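Structure data (mmCIF, C-alpha atoms) from protein-v3.cif:
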data_run
loop_
_atom_site.label_atom_id
_atom_site.label_comp_id
_atom_site.auth_asym_id
_atom_site.auth_seq_id
_atom_site.Cartn_x
_atom_site.Cartn_y
_atom_site.Cartn_z
CA MET A 1 262.77 71.66 171.60
CA LEU A 2 264.13 74.62 173.57
CA THR A 3 262.64 78.10 173.26
CA ASN A 4 263.50 81.34 174.97
CA ARG A 5 261.04 83.09 177.28
CA ARG A 6 259.35 84.73 174.26
CA GLY A 7 258.71 81.30 172.71
CA VAL A 8 261.32 81.62 169.94
CA ILE A 9 262.94 78.28 169.08
CA GLU A 10 266.65 78.12 169.88
CA TYR A 11 267.30 74.36 169.64
CA VAL A 12 265.68 71.16 168.36
CA ASN A 13 267.13 67.65 168.32
CA ALA A 14 267.09 64.89 165.72
CA ALA A 15 263.94 63.32 167.22
CA PHE A 16 262.09 66.60 166.64
CA GLU A 17 263.22 66.60 163.01
CA ALA A 18 262.11 62.99 162.50
CA LEU A 19 258.71 63.58 164.11
CA THR A 20 257.79 66.87 162.46
CA GLY A 21 259.58 66.65 159.11
CA TYR A 22 261.26 70.03 159.71
CA ARG A 23 265.03 70.43 159.67
CA ALA A 24 266.56 72.43 162.50
CA ALA A 25 267.57 75.22 160.12
CA GLU A 26 263.92 75.65 159.09
CA VAL A 27 262.62 76.27 162.61
CA LEU A 28 265.35 78.10 164.50
CA GLY A 29 264.22 81.68 165.13
CA ARG A 30 260.56 80.76 164.63
CA THR A 31 257.93 79.81 167.21
CA PRO A 32 256.22 76.44 167.82
CA ALA A 33 253.10 77.96 166.26
CA LEU A 34 254.33 76.56 162.94
CA LEU A 35 253.20 73.13 164.24
CA LYS A 36 249.66 74.24 165.13
CA SER A 37 246.90 72.29 163.41
CA GLY A 38 244.02 74.57 164.35
CA ARG A 39 242.24 71.59 165.93
CA GLN A 40 242.62 72.88 169.50
CA ASP A 41 240.88 76.01 170.69
CA ALA A 42 242.39 79.13 172.23
CA ALA A 43 241.33 78.01 175.72
CA PHE A 44 243.76 75.05 175.50
CA TYR A 45 246.69 77.37 174.83
CA ARG A 46 245.57 79.86 177.49
CA ARG A 47 245.66 77.05 180.07
CA MET A 48 249.11 76.06 178.84
CA TRP A 49 250.55 79.57 179.15
CA ALA A 50 248.88 80.20 182.50
CA THR A 51 250.50 77.04 183.88
CA LEU A 52 253.94 77.85 182.46
CA ARG A 53 253.91 81.44 183.69
CA ARG A 54 253.25 80.15 187.20
CA GLY A 55 256.54 78.28 186.85
CA ARG A 56 254.88 74.88 186.63
CA ALA A 57 255.27 72.13 184.02
CA PHE A 58 252.45 71.71 181.52
CA ARG A 59 251.49 68.23 180.30
CA GLY A 60 249.03 67.58 177.53
CA VAL A 61 248.30 65.96 174.18
CA PHE A 62 248.78 68.36 171.27
CA VAL A 63 247.22 67.85 167.85
CA ASN A 64 250.07 69.10 165.66
CA ARG A 65 250.76 69.27 161.94
CA ARG A 66 253.88 67.93 160.24
CA LYS A 67 255.70 69.85 157.53
CA GLY A 68 253.95 67.71 154.92
CA GLY A 69 250.53 68.62 156.32
CA GLN A 70 249.72 65.37 158.13
CA LEU A 71 248.21 65.64 161.60
CA PHE A 72 249.71 63.79 164.55
CA HIS A 73 249.07 63.58 168.28
CA GLU A 74 252.01 64.43 170.52
CA GLU A 75 252.02 63.75 174.25
CA GLU A 76 254.16 66.62 175.44
CA THR A 77 255.65 67.98 178.64
CA ILE A 78 256.83 71.60 178.69
CA ARG A 79 258.97 72.76 181.59
CA PRO A 80 260.00 76.33 182.39
CA LEU A 81 263.72 76.75 183.10
CA ARG A 82 264.94 79.62 185.28
CA GLY A 83 268.04 81.70 184.70
CA PRO A 84 270.58 82.90 187.31
CA ASP A 85 268.25 85.75 188.29
CA GLY A 86 265.49 83.30 189.18
CA ARG A 87 263.25 84.39 186.33
CA ILE A 88 261.98 82.04 183.62
CA ALA A 89 264.51 82.12 180.79
CA TYR A 90 263.63 79.09 178.64
CA PHE A 91 260.95 76.49 177.98
CA LEU A 92 262.04 72.90 177.37
CA SER A 93 259.59 70.69 175.53
CA ALA A 94 259.85 66.90 175.24
CA GLY A 95 257.23 64.77 173.54
CA ARG A 96 256.38 61.52 171.82
CA ASP A 97 254.05 60.50 169.01
CA VAL A 98 250.86 58.94 170.44
CA THR A 99 248.80 59.04 167.22
CA ALA A 100 248.27 55.26 167.16
CA ARG A 101 247.18 55.25 170.81
CA MET A 102 244.67 58.07 170.28
CA ARG A 103 243.29 56.30 167.21
CA GLU A 104 242.74 53.15 169.27
CA ILE A 105 241.07 55.14 172.05
CA ARG A 106 238.67 56.68 169.51
CA ARG A 107 237.93 53.23 168.09
CA LEU A 108 237.16 51.82 171.54
CA ARG A 109 234.95 54.78 172.42
CA HIS A 110 233.07 54.39 169.17
CA SER A 111 232.63 50.64 169.74
CA ALA A 112 231.19 51.30 173.19
CA THR A 113 228.51 53.64 171.88
CA HIS A 114 227.71 52.38 168.37
CA ASP A 115 226.24 49.28 166.78
CA ALA A 116 228.91 47.23 165.03
CA LEU A 117 226.75 46.19 162.05
CA THR A 118 225.08 49.45 161.07
CA GLY A 119 227.39 52.02 162.62
CA LEU A 120 224.38 53.69 164.25
CA PRO A 121 224.29 54.80 167.89
CA ASN A 122 223.40 51.96 170.24
CA ARG A 123 220.82 51.89 173.03
CA ALA A 124 223.06 53.65 175.56
CA LEU A 125 223.98 56.52 173.23
CA TYR A 126 220.35 56.83 172.13
CA ALA A 127 219.24 57.31 175.74
CA ASP A 128 221.84 60.06 176.13
CA ARG A 129 220.81 61.79 172.88
CA LEU A 130 217.14 61.60 173.85
CA ALA A 131 217.83 63.13 177.26
CA GLN A 132 219.84 65.93 175.61
CA ALA A 133 217.06 66.64 173.08
CA LEU A 134 214.44 66.86 175.83
CA ARG A 135 216.61 69.18 177.94
CA GLN A 136 217.09 71.43 174.93
CA ALA A 137 213.37 71.35 174.18
CA ARG A 138 212.54 72.40 177.75
CA ARG A 139 215.03 75.27 177.66
CA SER A 140 214.06 76.56 174.24
CA GLY A 141 210.34 75.87 174.30
CA GLU A 142 210.70 73.84 171.12
CA GLY A 143 209.28 70.40 170.63
CA ALA A 144 210.77 67.01 169.86
CA VAL A 145 209.48 63.80 168.35
CA VAL A 146 210.33 60.38 169.76
CA ALA A 147 209.80 57.43 167.43
CA MET A 148 210.21 53.66 167.49
CA MET A 149 210.60 51.73 164.24
CA ASP A 150 211.00 48.11 163.21
CA ILE A 151 211.22 46.16 159.98
CA ASP A 152 208.04 44.40 158.90
CA ALA A 153 208.30 40.60 158.67
CA PHE A 154 212.04 40.76 159.30
CA LYS A 155 212.23 37.36 160.98
CA ARG A 156 210.55 35.69 158.03
CA ALA A 157 212.95 37.30 155.56
CA ASN A 158 215.90 36.40 157.80
CA THR A 159 214.79 32.77 157.90
CA ARG A 160 214.08 32.58 154.17
CA PHE A 161 217.21 34.31 152.84
CA GLY A 162 219.70 33.78 155.68
CA HIS A 163 221.45 35.93 158.22
CA LEU A 164 223.75 37.65 155.73
CA ALA A 165 220.71 38.83 153.82
CA GLY A 166 219.17 39.96 157.08
CA ASP A 167 222.31 41.96 157.81
CA ALA A 168 222.06 43.58 154.38
CA VAL A 169 218.46 44.60 155.11
CA LEU A 170 219.44 46.10 158.48
CA GLN A 171 222.27 48.07 156.90
CA ALA A 172 220.05 49.31 154.08
CA VAL A 173 217.33 50.47 156.50
CA ALA A 174 219.94 52.23 158.64
CA ASN A 175 221.44 54.07 155.65
CA ARG A 176 218.10 54.96 154.08
CA THR A 177 216.78 56.33 157.35
CA LEU A 178 219.93 58.36 158.00
CA ARG A 179 219.54 60.06 154.63
CA CYS A 180 216.07 61.25 155.66
CA LEU A 181 217.30 63.01 158.80
CA ARG A 182 219.10 66.21 159.70
CA ALA A 183 222.42 66.29 161.52
CA VAL A 184 220.65 67.22 164.79
CA ASP A 185 218.38 64.17 164.63
CA THR A 186 219.26 60.66 165.81
CA VAL A 187 218.46 57.16 164.63
CA ALA A 188 219.79 54.28 166.71
CA ARG A 189 219.66 50.52 166.49
CA ILE A 190 218.51 49.38 169.91
CA GLY A 191 218.28 45.63 169.25
CA GLY A 192 217.41 43.09 166.57
CA ASP A 193 215.39 44.90 163.92
CA GLU A 194 214.36 47.67 166.33
CA PHE A 195 215.33 51.26 165.75
CA ALA A 196 214.66 54.40 167.77
CA LEU A 197 214.62 57.99 166.57
CA VAL A 198 214.69 61.50 167.97
CA LEU A 199 213.65 64.42 165.77
CA ALA A 200 215.04 67.38 167.66
CA GLY A 201 213.36 70.78 167.72
CA THR A 202 210.26 69.51 165.90
CA ARG A 203 207.03 71.07 167.17
CA SER A 204 204.86 71.13 164.06
CA ARG A 205 202.80 67.99 163.49
CA THR A 206 203.01 68.60 159.73
CA ALA A 207 206.82 68.76 159.81
CA ALA A 208 207.00 65.54 161.84
CA ALA A 209 204.55 63.79 159.53
CA ASN A 210 206.61 64.78 156.50
CA VAL A 211 209.76 63.24 157.97
CA LEU A 212 207.99 60.04 159.04
CA GLU A 213 206.48 59.61 155.59
CA LYS A 214 209.87 60.25 153.99
CA ILE A 215 211.40 57.50 156.15
CA ARG A 216 208.56 55.08 155.37
CA ALA A 217 208.79 55.70 151.62
CA ALA A 218 212.59 55.40 151.57
CA ASN A 219 212.38 52.00 153.22
CA ALA A 220 209.57 50.64 151.05
CA ALA A 221 211.91 49.78 148.18
CA PRO A 222 213.29 46.22 147.97
CA VAL A 223 216.83 45.60 149.20
CA ARG A 224 219.24 44.05 146.72
CA PHE A 225 221.23 41.10 148.01
CA GLY A 226 223.26 39.49 145.27
CA ARG A 227 220.72 38.64 142.57
CA ARG A 228 217.81 38.74 144.97
CA ARG A 229 215.47 41.62 145.72
CA ILE A 230 214.18 41.33 149.27
CA ALA A 231 210.84 43.05 149.88
CA THR A 232 211.26 45.51 152.74
CA SER A 233 209.09 47.93 154.67
CA VAL A 234 209.02 49.50 158.10
CA SER A 235 206.43 50.45 160.70
CA ILE A 236 206.90 53.56 162.82
CA GLY A 237 205.22 54.79 165.98
CA ALA A 238 205.89 58.34 167.09
CA VAL A 239 204.81 60.77 169.80
CA ALA A 240 205.52 64.45 170.31
CA TYR A 241 206.98 66.30 173.27
CA PRO A 242 205.32 68.06 175.01
CA ARG A 243 201.91 67.45 173.43
CA ASP A 244 201.70 63.67 173.95
CA ALA A 245 203.92 63.32 177.02
CA ARG A 246 206.64 65.16 178.91
CA HIS A 247 208.60 62.39 180.62
CA GLU A 248 211.22 60.37 178.76
CA VAL A 249 209.92 56.95 179.88
CA THR A 250 206.31 57.85 179.03
CA LEU A 251 207.33 59.13 175.60
CA ARG A 252 209.08 55.85 174.79
CA LYS A 253 206.16 53.74 176.04
CA ARG A 254 203.66 55.70 174.00
CA ALA A 255 205.89 55.57 170.93
CA ASP A 256 205.99 51.78 171.38
CA ALA A 257 202.20 51.68 171.61
CA ALA A 258 201.92 53.74 168.42
CA LEU A 259 204.33 51.32 166.71
CA TYR A 260 202.22 48.31 167.66
CA ALA A 261 199.14 50.08 166.32
CA ALA A 262 200.91 50.75 163.01
CA LYS A 263 201.94 47.10 162.72
CA ALA A 264 198.44 45.88 163.66
CA ALA A 265 197.05 48.03 160.85
CA GLY A 266 199.17 46.11 158.33
CA GLY A 267 202.63 47.68 158.56
CA ASN A 268 204.41 49.85 156.02
CA ARG A 269 202.95 52.88 157.74
CA TRP A 270 203.51 55.31 160.56
CA ARG A 271 201.34 56.54 163.39
CA LEU A 272 201.91 59.86 165.13
CA GLY A 273 200.31 60.36 168.53
CA SER A 274 199.59 58.13 171.50
#
Would it be possible to restate this file's structure as structure tokens?
Amino acid sequence: MLTNRRGVIEYVNAAFEALTGYRAAEVLGRTPALLKSGRQDAAFYRRMWATLRRGRAFRGVFVNRRKGGQLFHEEETIRPLRGPDGRIAYFLSAGRDVTARMREIRRLRHSATHDALTGLPNRALYADRLAQALRQARRSGEGAVVAMMDIDAFKRANTRFGHLAGDAVLQAVANRTLRCLRAVDTVARIGGDEFALVLAGTRSRTAAANVLEKIRAANAAPVRFGRRRIATSVSIGAVAYPRDARHEVTLRKRADAALYAAKAAGGNRWRLGS
């Protein structure tokens, strides 16, 4: 694509037409803004124009929209071309479709930070989310609740009904727990039948207790696996920042201790406080 210095399109080739779905006659005299998807912020385009106006080439991946409305990723290089007077007269843009590559990059990133079975964040992402929640709590003066949860008698059910049934129980607990949380909260699978939670911005003991009870009750229903109904329940141990502890490691240790106390009391219950 070739535009003049004002960004008005003066030429496109057949590859442009194939990639975008627009015929040359439909775009000549218009600007490349017709391809904008709205997925990239104004700062991205300010950087682009600042680079071009300095007479330098700009390289980046654009999220564009085809004529039919479909989004695609285009790896693009835009070069300013100078006229006889030495001033920038045109911008020449050349690009290629990298949608499949960007999709694969997203998949790999997701795989590195999420549990394959349940789709929940894994241990590494949980640690990052917990650190973020505590930083926010310190800045805002709000609280946070850190919780550890596991499935009661999971090993026995796994042995009795098989690993596929165990997987079904893990997936059900993950989905049920997610439905009890807000978007700002986190539940992660950190290993086996162990889950960890962060309830962000939660200072009230009553509010925390309500969420923990909601999670317990949601997971007390049997899980269907084929014609079977597998009895399921969870135990939860939780502590509050900053009341119970202020340091991340201490919070997790005390949440673990509260979890063991809940299990020792018979399971299918939660305990809040170290």
(request) Fewer than 3 positions away in the same chain doesn't count, so skip those; otherwise give me all residues within 9 Å of Val61 (chain A), counting all atoms listed in the file, as a PyMOL selection string. (result) chain A and resi 73-77+98
Against region 257-262 of chain A, which residues of region 102-163 of chain A fall within 10 Å? For each one I want the closest pair of atoms and the distance in Å (one decimal), counting all atoms listed in the file, rows by chain and increasing residue number, as a tab-separated table.
residue	atom	partner	partner_atom	distance
A:Ala147	CA	A:Leu259	CA	8.2
A:Met148	CA	A:Leu259	CA	6.4
A:Met149	CA	A:Leu259	CA	6.8
A:Asp150	CA	A:Leu259	CA	8.2
(request) Please provide the set of residues having any atom within 10 Å of Gly69 (chain A), restricted to all atoms listed in the file, with same-chain residues fewer than 6 positions apart removed, written as a list in words. (result)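 My reading of the contact set: Thr20, Gly21, Leu35 and Ser37 of chain A.
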(message) Nearest residue to Gly29 (chain A) out of A:Glu10, A:Asp41, A:Glu17, A:Asp115, using only C-alpha atoms?
(response)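 Result for the nearest residue to Gly29 (chain A): A:Glu10.
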Per residue of region 201-270 of chain A within 9 Å of region 118-139 of chain A, note the shortest atom pair and the distance in Å to one decimal, counting all atoms listed in the file, and order the rows by chain and increasing residue number, as a Markdown table.
| residue | atom | partner | partner_atom | distance |
| --- | --- | --- | --- | --- |
| A:Gly201 | CA | A:Ala137 | CA | 6.5 |
| A:Tyr241 | CA | A:Leu134 | CA | 7.9 |
| A:Pro242 | CA | A:Ala137 | CA | 8.7 |
| A:Arg246 | CA | A:Leu134 | CA | 8.6 |
| A:His247 | CA | A:Leu134 | CA | 8.8 |
| A:Glu248 | CA | A:Ala131 | CA | 7.3 |
(message) List the spatial neighbours of Asn210 (chain A) as a list of chain:residue names - criterion: any atom at most 12 Å away, all atoms listed in the file, same-chain residues fewer than 6 positions off excluded.
(response) A:Cys180, A:Leu181, A:Leu199, A:Thr202, A:Ser204, A:Arg216, A:Ala217, A:Trp270, A:Arg271, A:Leu272
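The closest residue to Thr250 (chain A), picked from A:Val187, A:Val146, A:Leu28, A:Leu164 and counting only C-alpha atoms, is A:Val146.
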(request) Rounded to one decimal place, report the CA of Ala89 (chain A)-CA of Arg5 (chain A) distance in Å. (result) 5.0 Å
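Residues captured in this structure file are Met48, Thr51, Arg56, Ala57, Phe58, Gly60, Val61, Phe62, Glu75, Glu76, Thr77, Ile78, Arg79, Ser93, Ala94 and Gly95 of chain A, according to the PyMOL selection byres ((chain A and resi 59) around 10).
Taking CA of Phe195 (chain A) as the reference point, CA of Ile230 (chain A) is found at 19.3 Å.
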(request) Find the residue from A:Leu19, A:Leu170, A:Ile236, A:Ala116 that sits nearest to Leu212 (chain A); use only C-alpha atoms when measuring. (result)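 Closest to Leu212 (chain A) of all the choices is A:Ile236.
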(message) Report, in Å to a single decimal, how far apart CA of Ala168 (chain A) and CA of Val223 (chain A) are.
(response)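 Distance reported for this atom pair: 7.6 Å.
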(message) Set the distance at 10 Å and use all atoms listed in the file: which residues neighbour Arg6 (chain A) once local chain neighbours fewer than 4 positions away are removed? I'd like the list as an NGL selection string.
(response) :A and (31 or 89-91)
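Proximity of A:Gly83, A:Gly162, A:Gly237, A:Gly68 to Leu251 (chain A), computed with all atoms listed in the file, is greatest for A:Gly237.
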(request) Could you tell me which residues the PyMOL selection byres ((chain A and resi 225) around 10) grabs in this file, written as a PyMOL selection string? (result) chain A and resi 161+164-169+222-224+226-230
